file run.cif (mmCIF, C-alpha atoms)
data_run
loop_
_atom_site.label_atom_id
_atom_site.label_comp_id
_atom_site.auth_asym_id
_atom_site.auth_seq_id
_atom_site.Cartn_x
_atom_site.Cartn_y
_atom_site.Cartn_z
CA MET A 1 -11.35 3.58 40.89
CA GLY A 2 -14.79 2.17 40.19
CA ARG A 3 -15.81 4.97 37.79
CA PRO A 4 -17.41 3.57 34.62
CA SER A 5 -14.75 5.31 32.50
CA ASN A 6 -11.83 3.66 34.27
CA SER A 7 -12.16 0.36 32.42
CA GLU A 8 -12.35 2.13 29.04
CA GLU A 9 -9.27 4.17 29.92
CA ARG A 10 -7.32 1.02 30.85
CA ARG A 11 -8.42 -0.75 27.67
CA GLY A 12 -7.31 2.30 25.68
CA GLN A 13 -3.89 2.22 27.32
CA ILE A 14 -3.54 -1.49 26.48
CA VAL A 15 -4.52 -0.91 22.83
CA ASP A 16 -1.91 1.89 22.67
CA GLY A 17 0.64 -0.56 24.05
CA LEU A 18 -0.09 -3.12 21.32
CA LEU A 19 0.14 -0.41 18.68
CA GLU A 20 3.54 0.74 19.94
CA VAL A 21 4.98 -2.80 20.05
CA MET A 22 3.52 -3.70 16.61
CA ALA A 23 4.99 -0.58 15.02
CA ARG A 24 8.41 -1.42 16.44
CA GLN A 25 8.59 -5.21 16.26
CA GLY A 26 5.51 -6.63 14.53
CA TYR A 27 2.49 -8.55 15.79
CA ALA A 28 4.19 -11.92 16.31
CA GLN A 29 6.68 -10.33 18.74
CA ALA A 30 3.96 -8.47 20.65
CA THR A 31 3.76 -10.69 23.73
CA ILE A 32 1.44 -9.85 26.64
CA ALA A 33 4.58 -8.98 28.64
CA ALA A 34 5.83 -6.59 25.92
CA ILE A 35 2.41 -4.94 25.50
CA GLY A 36 2.13 -4.52 29.29
CA LYS A 37 5.58 -2.97 29.47
CA ALA A 38 4.74 -0.50 26.68
CA ALA A 39 1.41 0.33 28.38
CA GLY A 40 2.98 0.64 31.84
CA LEU A 41 0.60 -2.01 33.22
CA THR A 42 1.08 -5.48 34.74
CA PRO A 43 0.33 -8.62 32.68
CA GLY A 44 -2.34 -9.47 35.29
CA LEU A 45 -4.18 -6.24 34.55
CA LEU A 46 -3.99 -6.97 30.80
CA HIS A 47 -5.55 -10.39 31.33
CA TYR A 48 -8.28 -8.78 33.44
CA HIS A 49 -9.31 -6.55 30.51
CA PHE A 50 -8.58 -8.85 27.53
CA GLU A 51 -8.66 -12.63 27.31
CA THR A 52 -6.12 -12.91 24.47
CA LYS A 53 -3.72 -10.83 22.39
CA GLN A 54 -6.08 -11.16 19.45
CA ASP A 55 -8.84 -9.49 21.50
CA ILE A 56 -6.54 -6.47 21.90
CA LEU A 57 -5.95 -6.46 18.13
CA VAL A 58 -9.71 -6.56 17.49
CA ALA A 59 -10.10 -3.54 19.82
CA LEU A 60 -7.31 -1.72 17.94
CA VAL A 61 -8.88 -2.31 14.51
CA GLU A 62 -12.31 -1.34 15.88
CA ARG A 63 -10.86 1.90 17.22
CA LEU A 64 -9.23 2.78 13.88
CA THR A 65 -12.23 1.86 11.71
CA GLY A 66 -14.68 3.37 14.22
CA ALA A 67 -12.94 6.77 14.23
CA LEU A 68 -12.87 6.74 10.42
CA ALA A 69 -16.55 5.76 10.17
CA LEU A 70 -17.46 8.70 12.41
CA ARG A 71 -15.40 11.12 10.26
CA VAL A 72 -16.98 9.73 7.08
CA GLN A 73 -20.47 10.10 8.55
CA ARG A 74 -19.89 13.73 9.60
CA ARG A 75 -18.43 14.71 6.23
CA LEU A 76 -21.20 12.96 4.28
CA GLU A 77 -23.81 14.83 6.34
CA ALA A 78 -22.04 18.13 5.63
CA ALA A 79 -21.75 17.33 1.89
CA GLY A 80 -25.48 17.48 1.13
CA ASP A 81 -27.31 15.29 -1.41
CA ALA A 82 -25.36 15.68 -4.67
CA PRO A 83 -23.78 12.27 -5.48
CA ARG A 84 -20.40 13.66 -6.63
CA ALA A 85 -20.16 15.89 -3.54
CA ARG A 86 -20.85 12.80 -1.40
CA LEU A 87 -18.16 10.78 -3.20
CA HIS A 88 -15.64 13.64 -2.81
CA ALA A 89 -16.50 13.96 0.90
CA PHE A 90 -15.92 10.23 1.37
CA LEU A 91 -12.50 10.34 -0.35
CA ASP A 92 -11.54 13.46 1.65
CA ALA A 93 -12.49 11.73 4.90
CA TYR A 94 -10.02 8.92 4.09
CA VAL A 95 -7.00 10.97 3.07
CA ALA A 96 -7.49 14.65 3.91
CA MET A 97 -5.37 16.18 6.63
CA GLY A 98 -8.20 18.30 8.10
CA GLU A 99 -8.66 19.19 11.75
CA ASP A 100 -10.45 15.91 12.42
CA ALA A 101 -7.68 13.82 10.79
CA ASP A 102 -5.25 11.72 12.82
CA PRO A 103 -1.76 11.03 11.35
CA ARG A 104 -1.06 8.50 14.11
CA ALA A 105 -4.11 6.47 13.03
CA VAL A 106 -2.78 6.42 9.44
CA ALA A 107 0.58 5.08 10.62
CA ALA A 108 -1.21 2.46 12.72
CA TRP A 109 -3.34 1.39 9.76
CA VAL A 110 -0.22 0.93 7.60
CA VAL A 111 1.22 -1.38 10.27
CA VAL A 112 -2.05 -3.36 10.42
CA GLY A 113 -1.95 -3.85 6.62
CA ALA A 114 1.72 -4.80 6.73
CA GLU A 115 1.10 -7.38 9.45
CA ALA A 116 -1.87 -8.75 7.47
CA VAL A 117 0.61 -10.04 4.87
CA ARG A 118 2.00 -12.60 7.33
CA GLU A 119 -0.55 -12.95 10.18
CA PRO A 120 -3.84 -14.74 9.35
CA GLN A 121 -5.63 -13.19 12.37
CA VAL A 122 -4.65 -9.67 11.31
CA ARG A 123 -5.44 -10.50 7.68
CA ALA A 124 -9.03 -11.46 8.53
CA LEU A 125 -9.67 -8.11 10.25
CA TYR A 126 -7.91 -6.08 7.52
CA THR A 127 -9.82 -7.94 4.78
CA GLN A 128 -13.14 -7.20 6.47
CA ALA A 129 -12.28 -3.49 6.79
CA VAL A 130 -11.10 -2.94 3.19
CA GLY A 131 -14.04 -5.03 1.94
CA GLU A 132 -16.39 -2.61 3.73
CA THR A 133 -14.60 0.42 2.23
CA LEU A 134 -14.87 -1.16 -1.24
CA ARG A 135 -18.62 -1.73 -0.71
CA GLN A 136 -19.15 1.92 0.25
CA LEU A 137 -17.10 3.16 -2.73
CA ARG A 138 -19.14 0.99 -5.12
CA GLU A 139 -22.34 2.43 -3.65
CA LEU A 140 -21.20 6.07 -3.91
CA LEU A 141 -19.83 5.61 -7.45
CA GLY A 142 -23.05 3.81 -8.45
CA GLU A 143 -25.11 6.78 -7.18
CA CYS A 144 -23.04 9.17 -9.34
CA LEU A 145 -23.32 7.01 -12.47
CA ARG A 146 -27.08 6.45 -12.13
CA ASP A 147 -27.71 10.11 -11.28
CA GLU A 148 -25.91 11.15 -14.49
CA GLY A 149 -27.48 8.47 -16.64
CA ARG A 150 -24.18 6.65 -17.22
CA GLY A 151 -23.49 2.92 -17.47
CA THR A 152 -22.50 1.13 -14.23
CA ARG A 153 -20.60 -1.79 -15.76
CA GLN A 154 -17.20 -0.51 -14.58
CA VAL A 155 -18.25 0.39 -11.03
CA GLY A 156 -16.40 -2.52 -9.39
CA ARG A 157 -13.11 -1.69 -11.14
CA MET A 158 -13.45 2.02 -10.34
CA ALA A 159 -14.02 1.27 -6.66
CA ALA A 160 -11.01 -1.09 -6.64
CA GLY A 161 -8.86 1.61 -8.25
CA LEU A 162 -9.81 4.25 -5.69
CA LEU A 163 -9.36 1.82 -2.77
CA SER A 164 -5.89 0.97 -4.13
CA ALA A 165 -4.99 4.66 -4.44
CA ILE A 166 -6.09 5.32 -0.81
CA GLU A 167 -4.20 2.32 0.60
CA GLY A 168 -1.17 3.11 -1.58
CA ALA A 169 -1.07 6.75 -0.46
CA TYR A 170 -1.00 5.49 3.15
CA ARG A 171 1.69 2.91 2.33
CA VAL A 172 4.04 5.23 0.47
CA SER A 173 3.59 8.07 3.01
CA ALA A 174 4.54 5.76 5.87
CA ALA A 175 7.24 3.70 4.15
CA ALA A 176 8.92 6.50 2.15
CA PRO A 177 8.15 9.78 3.97
CA GLY A 178 8.74 12.90 1.88
CA VAL A 179 8.51 11.21 -1.54
CA LEU A 180 4.90 12.19 -2.29
CA PRO A 181 4.05 15.91 -2.66
CA GLU A 182 2.38 17.26 0.48
CA GLY A 183 -1.40 17.48 0.35
CA PHE A 184 -1.58 15.73 -3.04
CA ALA A 185 -3.93 12.92 -2.03
CA ALA A 186 -7.35 14.56 -1.58
CA PRO A 187 -7.40 16.64 -4.80
CA THR A 188 -5.78 13.84 -6.80
CA LEU A 189 -8.28 11.21 -5.65
CA ARG A 190 -11.12 13.56 -6.68
CA ARG A 191 -9.49 13.98 -10.11
CA MET A 192 -9.08 10.23 -10.51
CA ALA A 193 -12.70 9.60 -9.53
CA ASP A 194 -14.07 12.37 -11.76
CA GLY A 195 -11.91 11.33 -14.70
CA MET A 196 -13.17 7.72 -14.52
CA LEU A 197 -16.81 8.80 -14.07
CA ASP A 198 -16.68 11.32 -16.94
CA ALA A 199 -15.28 8.65 -19.27
CA GLU A 200 -18.39 6.44 -18.88
CA GLU A 201 -20.85 7.03 -21.69
CA ARG A 202 -24.36 8.28 -20.99
CA THR A 203 -26.91 5.61 -21.82
CA MET B 1 32.43 -25.84 -9.17
CA GLY B 2 34.52 -22.99 -10.43
CA ARG B 3 32.12 -22.01 -13.21
CA PRO B 4 31.49 -18.25 -13.29
CA SER B 5 27.77 -18.88 -12.72
CA ASN B 6 28.27 -20.80 -9.48
CA SER B 7 28.75 -17.71 -7.34
CA GLU B 8 25.68 -16.03 -8.88
CA GLU B 9 23.67 -19.17 -8.20
CA ARG B 10 24.75 -19.23 -4.54
CA ARG B 11 24.01 -15.52 -4.14
CA GLY B 12 20.56 -16.13 -5.65
CA GLN B 13 19.90 -18.92 -3.16
CA ILE B 14 20.88 -16.64 -0.27
CA VAL B 15 18.63 -13.81 -1.51
CA ASP B 16 15.76 -16.35 -1.75
CA GLY B 17 16.51 -17.35 1.84
CA LEU B 18 16.24 -13.75 3.07
CA LEU B 19 12.99 -13.31 1.16
CA GLU B 20 11.48 -16.42 2.72
CA VAL B 21 12.47 -15.43 6.28
CA MET B 22 11.31 -11.80 5.80
CA ALA B 23 7.92 -12.90 4.48
CA ARG B 24 7.45 -15.17 7.52
CA GLN B 25 9.04 -13.21 10.37
CA GLY B 26 10.20 -9.78 9.20
CA TYR B 27 13.64 -8.29 8.56
CA ALA B 28 14.66 -7.80 12.20
CA GLN B 29 14.25 -11.53 12.86
CA ALA B 30 16.14 -12.55 9.70
CA THR B 31 19.43 -13.57 11.30
CA ILE B 32 22.28 -14.96 9.21
CA ALA B 33 21.55 -18.35 10.83
CA ALA B 34 17.86 -18.17 9.86
CA ILE B 35 18.65 -17.06 6.29
CA GLY B 36 21.21 -19.87 5.96
CA LYS B 37 18.72 -22.45 7.21
CA ALA B 38 16.07 -21.24 4.73
CA ALA B 39 18.65 -21.28 1.90
CA GLY B 40 20.04 -24.70 2.88
CA LEU B 41 23.55 -23.23 3.22
CA THR B 42 26.00 -22.83 6.11
CA PRO B 43 26.48 -19.42 7.79
CA GLY B 44 30.14 -19.59 6.68
CA LEU B 45 29.07 -19.78 3.04
CA LEU B 46 26.74 -16.81 3.55
CA HIS B 47 29.59 -14.75 4.97
CA TYR B 48 31.76 -15.76 1.99
CA HIS B 49 29.22 -14.26 -0.45
CA PHE B 50 27.87 -11.30 1.59
CA GLU B 51 29.56 -9.24 4.29
CA THR B 52 26.36 -8.25 6.12
CA LYS B 53 22.64 -8.95 6.20
CA GLN B 54 22.05 -5.53 4.69
CA ASP B 55 24.15 -6.51 1.65
CA ILE B 56 21.74 -9.42 1.08
CA LEU B 57 18.83 -6.98 1.33
CA VAL B 58 20.46 -4.68 -1.23
CA ALA B 59 20.84 -7.66 -3.58
CA LEU B 60 17.16 -8.56 -3.05
CA VAL B 61 15.92 -5.04 -3.85
CA GLU B 62 18.27 -4.88 -6.87
CA ARG B 63 16.86 -8.18 -8.15
CA LEU B 64 13.25 -6.97 -7.80
CA THR B 65 13.82 -3.52 -9.30
CA GLY B 66 16.16 -4.90 -11.98
CA ALA B 67 13.60 -7.45 -13.21
CA LEU B 68 10.94 -4.73 -13.31
CA ALA B 69 13.23 -2.30 -15.16
CA LEU B 70 13.88 -4.96 -17.80
CA ARG B 71 10.12 -5.61 -18.22
CA VAL B 72 9.44 -1.86 -18.45
CA GLN B 73 12.16 -1.43 -21.09
CA ARG B 74 10.85 -4.30 -23.23
CA ARG B 75 7.27 -3.05 -23.10
CA LEU B 76 8.25 0.56 -23.83
CA GLU B 77 10.20 -0.62 -26.88
CA ALA B 78 7.18 -2.60 -28.08
CA ALA B 79 4.82 0.35 -27.47
CA GLY B 80 6.25 2.61 -30.15
CA ASP B 81 6.52 6.40 -29.97
CA ALA B 82 3.03 7.65 -29.03
CA PRO B 83 3.24 9.18 -25.51
CA ARG B 84 -0.05 7.69 -24.23
CA ALA B 85 0.90 4.24 -25.54
CA ARG B 86 4.23 4.57 -23.72
CA LEU B 87 2.48 5.58 -20.46
CA HIS B 88 0.02 2.67 -20.77
CA ALA B 89 2.89 0.25 -21.44
CA PHE B 90 4.69 1.50 -18.32
CA LEU B 91 1.60 1.04 -16.12
CA ASP B 92 0.97 -2.41 -17.62
CA ALA B 93 4.55 -3.44 -16.90
CA TYR B 94 4.01 -2.63 -13.20
CA VAL B 95 0.67 -4.36 -12.64
CA ALA B 96 -0.27 -6.57 -15.59
CA MET B 97 -0.25 -10.31 -15.14
CA GLY B 98 1.28 -11.04 -18.55
CA GLU B 99 3.63 -13.92 -19.37
CA ASP B 100 6.62 -11.92 -18.18
CA ALA B 101 5.00 -10.99 -14.82
CA ASP B 102 6.09 -12.58 -11.55
CA PRO B 103 3.53 -12.84 -8.71
CA ARG B 104 6.27 -13.91 -6.27
CA ALA B 105 8.14 -10.65 -6.94
CA VAL B 106 4.97 -8.66 -6.16
CA ALA B 107 4.58 -10.46 -2.81
CA ALA B 108 8.26 -9.80 -2.06
CA TRP B 109 7.88 -6.11 -2.89
CA VAL B 110 4.92 -5.81 -0.50
CA VAL B 111 7.08 -7.28 2.27
CA VAL B 112 9.91 -4.84 1.45
CA GLY B 113 7.47 -1.89 1.72
CA ALA B 114 6.01 -3.25 4.95
CA GLU B 115 9.46 -3.62 6.50
CA ALA B 116 10.34 -0.10 5.35
CA VAL B 117 7.83 1.24 7.89
CA ARG B 118 10.01 0.08 10.79
CA GLU B 119 13.52 -0.58 9.41
CA PRO B 120 15.58 2.46 8.39
CA GLN B 121 17.90 0.38 6.16
CA VAL B 122 14.95 -1.08 4.25
CA ARG B 123 13.27 2.34 4.15
CA ALA B 124 16.26 3.92 2.39
CA LEU B 125 16.19 1.32 -0.40
CA TYR B 126 12.39 1.42 -0.75
CA THR B 127 12.41 5.24 -0.85
CA GLN B 128 15.02 5.24 -3.61
CA ALA B 129 13.02 2.74 -5.69
CA VAL B 130 9.63 4.50 -5.41
CA GLY B 131 11.35 7.85 -5.99
CA GLU B 132 12.70 6.48 -9.30
CA THR B 133 9.25 5.17 -10.30
CA LEU B 134 7.76 8.59 -9.49
CA ARG B 135 10.40 10.29 -11.65
CA GLN B 136 9.62 8.02 -14.62
CA LEU B 137 5.87 8.57 -14.22
CA ARG B 138 6.36 12.36 -14.18
CA GLU B 139 8.43 12.11 -17.36
CA LEU B 140 5.89 9.92 -19.21
CA LEU B 141 2.93 12.05 -18.08
CA GLY B 142 4.83 15.21 -19.06
CA GLU B 143 5.42 13.79 -22.57
CA CYS B 144 1.66 13.16 -22.95
CA LEU B 145 0.69 16.64 -21.73
CA ARG B 146 3.21 18.48 -23.90
CA ASP B 147 2.39 16.31 -26.95
CA GLU B 148 -1.30 17.24 -26.58
CA GLY B 149 -0.63 20.91 -25.83
CA ARG B 150 -1.96 20.66 -22.28
CA GLY B 151 -0.73 22.36 -19.10
CA THR B 152 1.81 20.45 -16.98
CA ARG B 153 1.13 22.13 -13.63
CA GLN B 154 -0.51 18.99 -12.14
CA VAL B 155 2.09 16.49 -13.38
CA GLY B 156 3.60 15.90 -9.91
CA ARG B 157 0.22 15.15 -8.32
CA MET B 158 -0.82 12.90 -11.21
CA ALA B 159 2.40 10.89 -10.89
CA ALA B 160 1.91 10.61 -7.11
CA GLY B 161 -1.67 9.40 -7.64
CA LEU B 162 -0.63 6.68 -10.09
CA LEU B 163 2.30 5.57 -7.90
CA SER B 164 -0.12 5.31 -4.95
CA ALA B 165 -2.58 3.26 -7.01
CA ILE B 166 0.20 0.85 -8.08
CA GLU B 167 1.59 0.42 -4.56
CA GLY B 168 -1.94 0.15 -3.12
CA ALA B 169 -2.96 -2.52 -5.63
CA TYR B 170 0.10 -4.53 -4.52
CA ARG B 171 -0.68 -3.93 -0.84
CA VAL B 172 -4.37 -4.87 -0.96
CA SER B 173 -3.72 -7.91 -3.21
CA ALA B 174 -1.15 -9.27 -0.77
CA ALA B 175 -2.82 -8.29 2.52
CA ALA B 176 -6.44 -9.06 1.58
CA PRO B 177 -6.33 -11.63 -1.24
CA GLY B 178 -9.60 -11.99 -3.17
CA VAL B 179 -11.04 -8.56 -2.26
CA LEU B 180 -10.05 -6.78 -5.50
CA PRO B 181 -11.63 -7.97 -8.78
CA GLU B 182 -9.20 -10.12 -10.78
CA GLY B 183 -7.34 -8.33 -13.56
CA PHE B 184 -8.76 -4.91 -12.57
CA ALA B 185 -5.44 -3.12 -12.13
CA ALA B 186 -4.05 -2.64 -15.66
CA PRO B 187 -7.25 -1.34 -17.34
CA THR B 188 -8.18 0.75 -14.27
CA LEU B 189 -4.76 2.44 -14.07
CA ARG B 190 -5.06 3.34 -17.77
CA ARG B 191 -8.51 4.83 -17.10
CA MET B 192 -7.22 6.81 -14.12
CA ALA B 193 -4.29 8.14 -16.11
CA ASP B 194 -6.40 9.01 -19.18
CA GLY B 195 -9.11 10.64 -17.05
CA MET B 196 -6.59 12.90 -15.31
CA LEU B 197 -4.81 13.78 -18.59
CA ASP B 198 -8.06 14.52 -20.45
CA ALA B 199 -9.14 16.88 -17.65
CA GLU B 200 -6.12 19.18 -18.20
CA GLU B 201 -7.01 22.09 -20.43
CA ARG B 202 -5.24 22.63 -23.73
CA THR B 203 -3.17 25.79 -23.60
#
call {"tool": "encode", "arguments": {"input": "run.cif", "output": "structure tokens"}}
result
Amino acid sequence: MGRPSNSEERRGQIVDGLLEVMARQGYAQATIAAIGKAAGLTPGLLHYHFETKQDILVALVERLTGALALRVQRRLEAAGDAPRARLHAFLDAYVAMGEDADPRAVAAWVVVGAEAVREPQVRALYTQAVGETLRQLRELLGECLRDEGRGTRQVGRMAAGLLSAIEGAYRVSAAAPGVLPEGFAAPTLRRMADGMLDAEERT
Amino acid sequence: MGRPSNSEERRGQIVDGLLEVMARQGYAQATIAAIGKAAGLTPGLLHYHFETKQDILVALVERLTGALALRVQRRLEAAGDAPRARLHAFLDAYVAMGEDADPRAVAAWVVVGAEAVREPQVRALYTQAVGETLRQLRELLGECLRDEGRGTRQVGRMAAGLLSAIEGAYRVSAAAPGVLPEGFAAPTLRRMADGMLDAEERT
């Protein structure tokens, strides 16, 4: 008790509780009582750490996007300066099943996107997160195109295509396990990106 | 009353009712009473036309995949014999917003995929449908590769990448409306497919 880490640990347990209830029943059914039960904590303790259910959701999305941002940063640093290597590292960070990957986080992200279809609060957080991913993809693709002296007119469509392929690989993996060939995503996303880049004429 | 079409009309109303309740509350919460209320029909009439809730779900998935199969068939017929034109026509049929497209069906399909994450009955139907799409994509991509004398070793990964991009474009459009550039999907899927095909060496 009283250690600085105790509050973070409790908040983590509560976020896990929301995740478990959402995956089973959806966000609308995730009452404070149900989240507390899943977390093994009293509703009073939940209210001590979070004012509302939406605050727990914000903490969940922050945890998922924060862990991904850290993985992206590490892989970009390891990739060096070449624009295509940086783009490949970014795509790998999203879909590769390396040692620093987290299959549970992927499943959680699929549930967040699924709930975004019907819950405006979830939708706002999901929209912000995919909008940020799209912005980063546009930037990395733009670096490749400029570096190679190619036109950048299609950069928005290319970024949208790669974002769709990432989100779709998550969706199909979670909703129809076993249908997609194992380990296909990282090499295939690189091929898609390279194929679109190579097709742009040099100016 | 008594016309052959009356039963089909009633069944259609009931399927619409399930769709509306699923989109709002999810499949688990779609009771026969709730579906009946949304359809404006009595529970007794629902039980006359469908034995169980799952039978209504089967009819819903059949309607969505049946309408798509018809659109695919028409566009493939119009595309002629060239393998790349056939592949492009197939991709267009899935994502293009032509006169024969149906935005409401796309939204419904996103909900079906979202429910597949947590409902085994929905998952089985979703898995079957995406498995069939994957099979068709492999066939069309294989035709292109063989026609151009290219290796077919990557055909499974290519098909998985395009299926992911299709399902992801649906997911992001429904869960984060306005984030993806309008009309990006059809031309971008063609570019992704062509880029991957062109990268395969001629044997």
call {"tool": "interface_residues", "arguments": {"input": "run.cif", "of": "chain B", "to": "chain A", "cutoff": "6 Å", "atoms": "only C-alpha atoms", "output": "list in words"}}
result
Ala114, Ala116, Val117, Thr127, Arg157, Ala160, Ser164, Ala165, Glu167, Gly168, Ala169, Ala174, Ala175, Ala176, Leu180, Phe184, Met192, Gly195 and Met196 of chain B
call {"tool": "resolve_selection", "arguments": {"input": "run.cif", "expression": "the PyMOL selection byres ((chain B and resi 49) around 9)", "output": "PyMOL selection string"}}
result
chain B and resi 7+10-11+14+44-48+50-51
call {"tool": "write_last_selection", "arguments": {"input": "run.cif", "atoms": "C-alpha atoms", "output": "compact mmCIF listing (two decimals), keeping the file's coordinate frame"}}
result
# COMPACT_ATOMS: atom_id res chain seq x y z
CA SER B 7 28.75 -17.71 -7.34
CA ARG B 10 24.75 -19.23 -4.54
CA ARG B 11 24.01 -15.52 -4.14
CA ILE B 14 20.88 -16.64 -0.27
CA GLY B 44 30.14 -19.59 6.68
CA LEU B 45 29.07 -19.78 3.04
CA LEU B 46 26.74 -16.81 3.55
CA HIS B 47 29.59 -14.75 4.97
CA TYR B 48 31.76 -15.76 1.99
CA PHE B 50 27.87 -11.30 1.59
CA GLU B 51 29.56 -9.24 4.29
call {"tool": "atom_distance", "arguments": {"input": "run.cif", "atom1": "atom CA of Ile32 of chain A", "atom2": "atom CA of Leu18 of chain A"}}
result
8.7 Å
call {"tool": "atom_distance", "arguments": {"input": "run.cif", "atom1": "atom CA of Trp109 of chain A", "atom2": "atom CA of Ala108 of chain B"}}
result
20.0 Å
call {"tool": "axis_aligned_box", "arguments": {"input": "run.cif", "around": "segment 143-156 of chain B", "padding_each_side": "6 Å", "output": "JSON"}}
result
{"center_x": 1.7, "center_y": 17.8, "center_z": -18.4, "size_x": 19.4, "size_y": 21.2, "size_z": 29.0}
call {"tool": "atom_distance", "arguments": {"input": "run.cif", "atom1": "atom CA of Thr31 of chain A", "atom2": "atom CA of Ala39 of chain B"}}
result
28.5 Å
call {"tool": "resolve_selection", "arguments": {"input": "run.cif", "expression": "the PyMOL selection byres ((chain A and resi 150) around 12)", "output": "VMD selection string"}}
result
chain A and resid 141 to 149 151 to 155 196 to 203
call {"tool": "resolve_selection", "arguments": {"input": "run.cif", "expression": "the PyMOL selection byres ((chain A and resi 58-60) around 9)", "output": "number ranges by chain"}}
result
A: 11-12, 15-16, 18-19, 53-57, 61-65, 122, 125
call {"tool": "write_last_selection", "arguments": {"input": "run.cif", "atoms": "C-alpha atoms", "output": "short mmCIF file (atom, residue, chain, number, x, y, z; two decimals), in the coordinates of the input"}}
result
data_model
loop_
_atom_site.label_atom_id
_atom_site.label_comp_id
_atom_site.auth_asym_id
_atom_site.auth_seq_id
_atom_site.Cartn_x
_atom_site.Cartn_y
_atom_site.Cartn_z
CA ARG A 11 -8.42 -0.75 27.67
CA GLY A 12 -7.31 2.30 25.68
CA VAL A 15 -4.52 -0.91 22.83
CA ASP A 16 -1.91 1.89 22.67
CA LEU A 18 -0.09 -3.12 21.32
CA LEU A 19 0.14 -0.41 18.68
CA LYS A 53 -3.72 -10.83 22.39
CA GLN A 54 -6.08 -11.16 19.45
CA ASP A 55 -8.84 -9.49 21.50
CA ILE A 56 -6.54 -6.47 21.90
CA LEU A 57 -5.95 -6.46 18.13
CA VAL A 61 -8.88 -2.31 14.51
CA GLU A 62 -12.31 -1.34 15.88
CA ARG A 63 -10.86 1.90 17.22
CA LEU A 64 -9.23 2.78 13.88
CA THR A 65 -12.23 1.86 11.71
CA VAL A 122 -4.65 -9.67 11.31
CA LEU A 125 -9.67 -8.11 10.25
#
call {"tool": "closest_residue", "arguments": {"input": "run.cif", "among": "A:Arg104, A:Lys37, A:His88, A:Arg138", "to": "Val72 of chain A", "atoms": "only C-alpha atoms"}}
result
A:His88
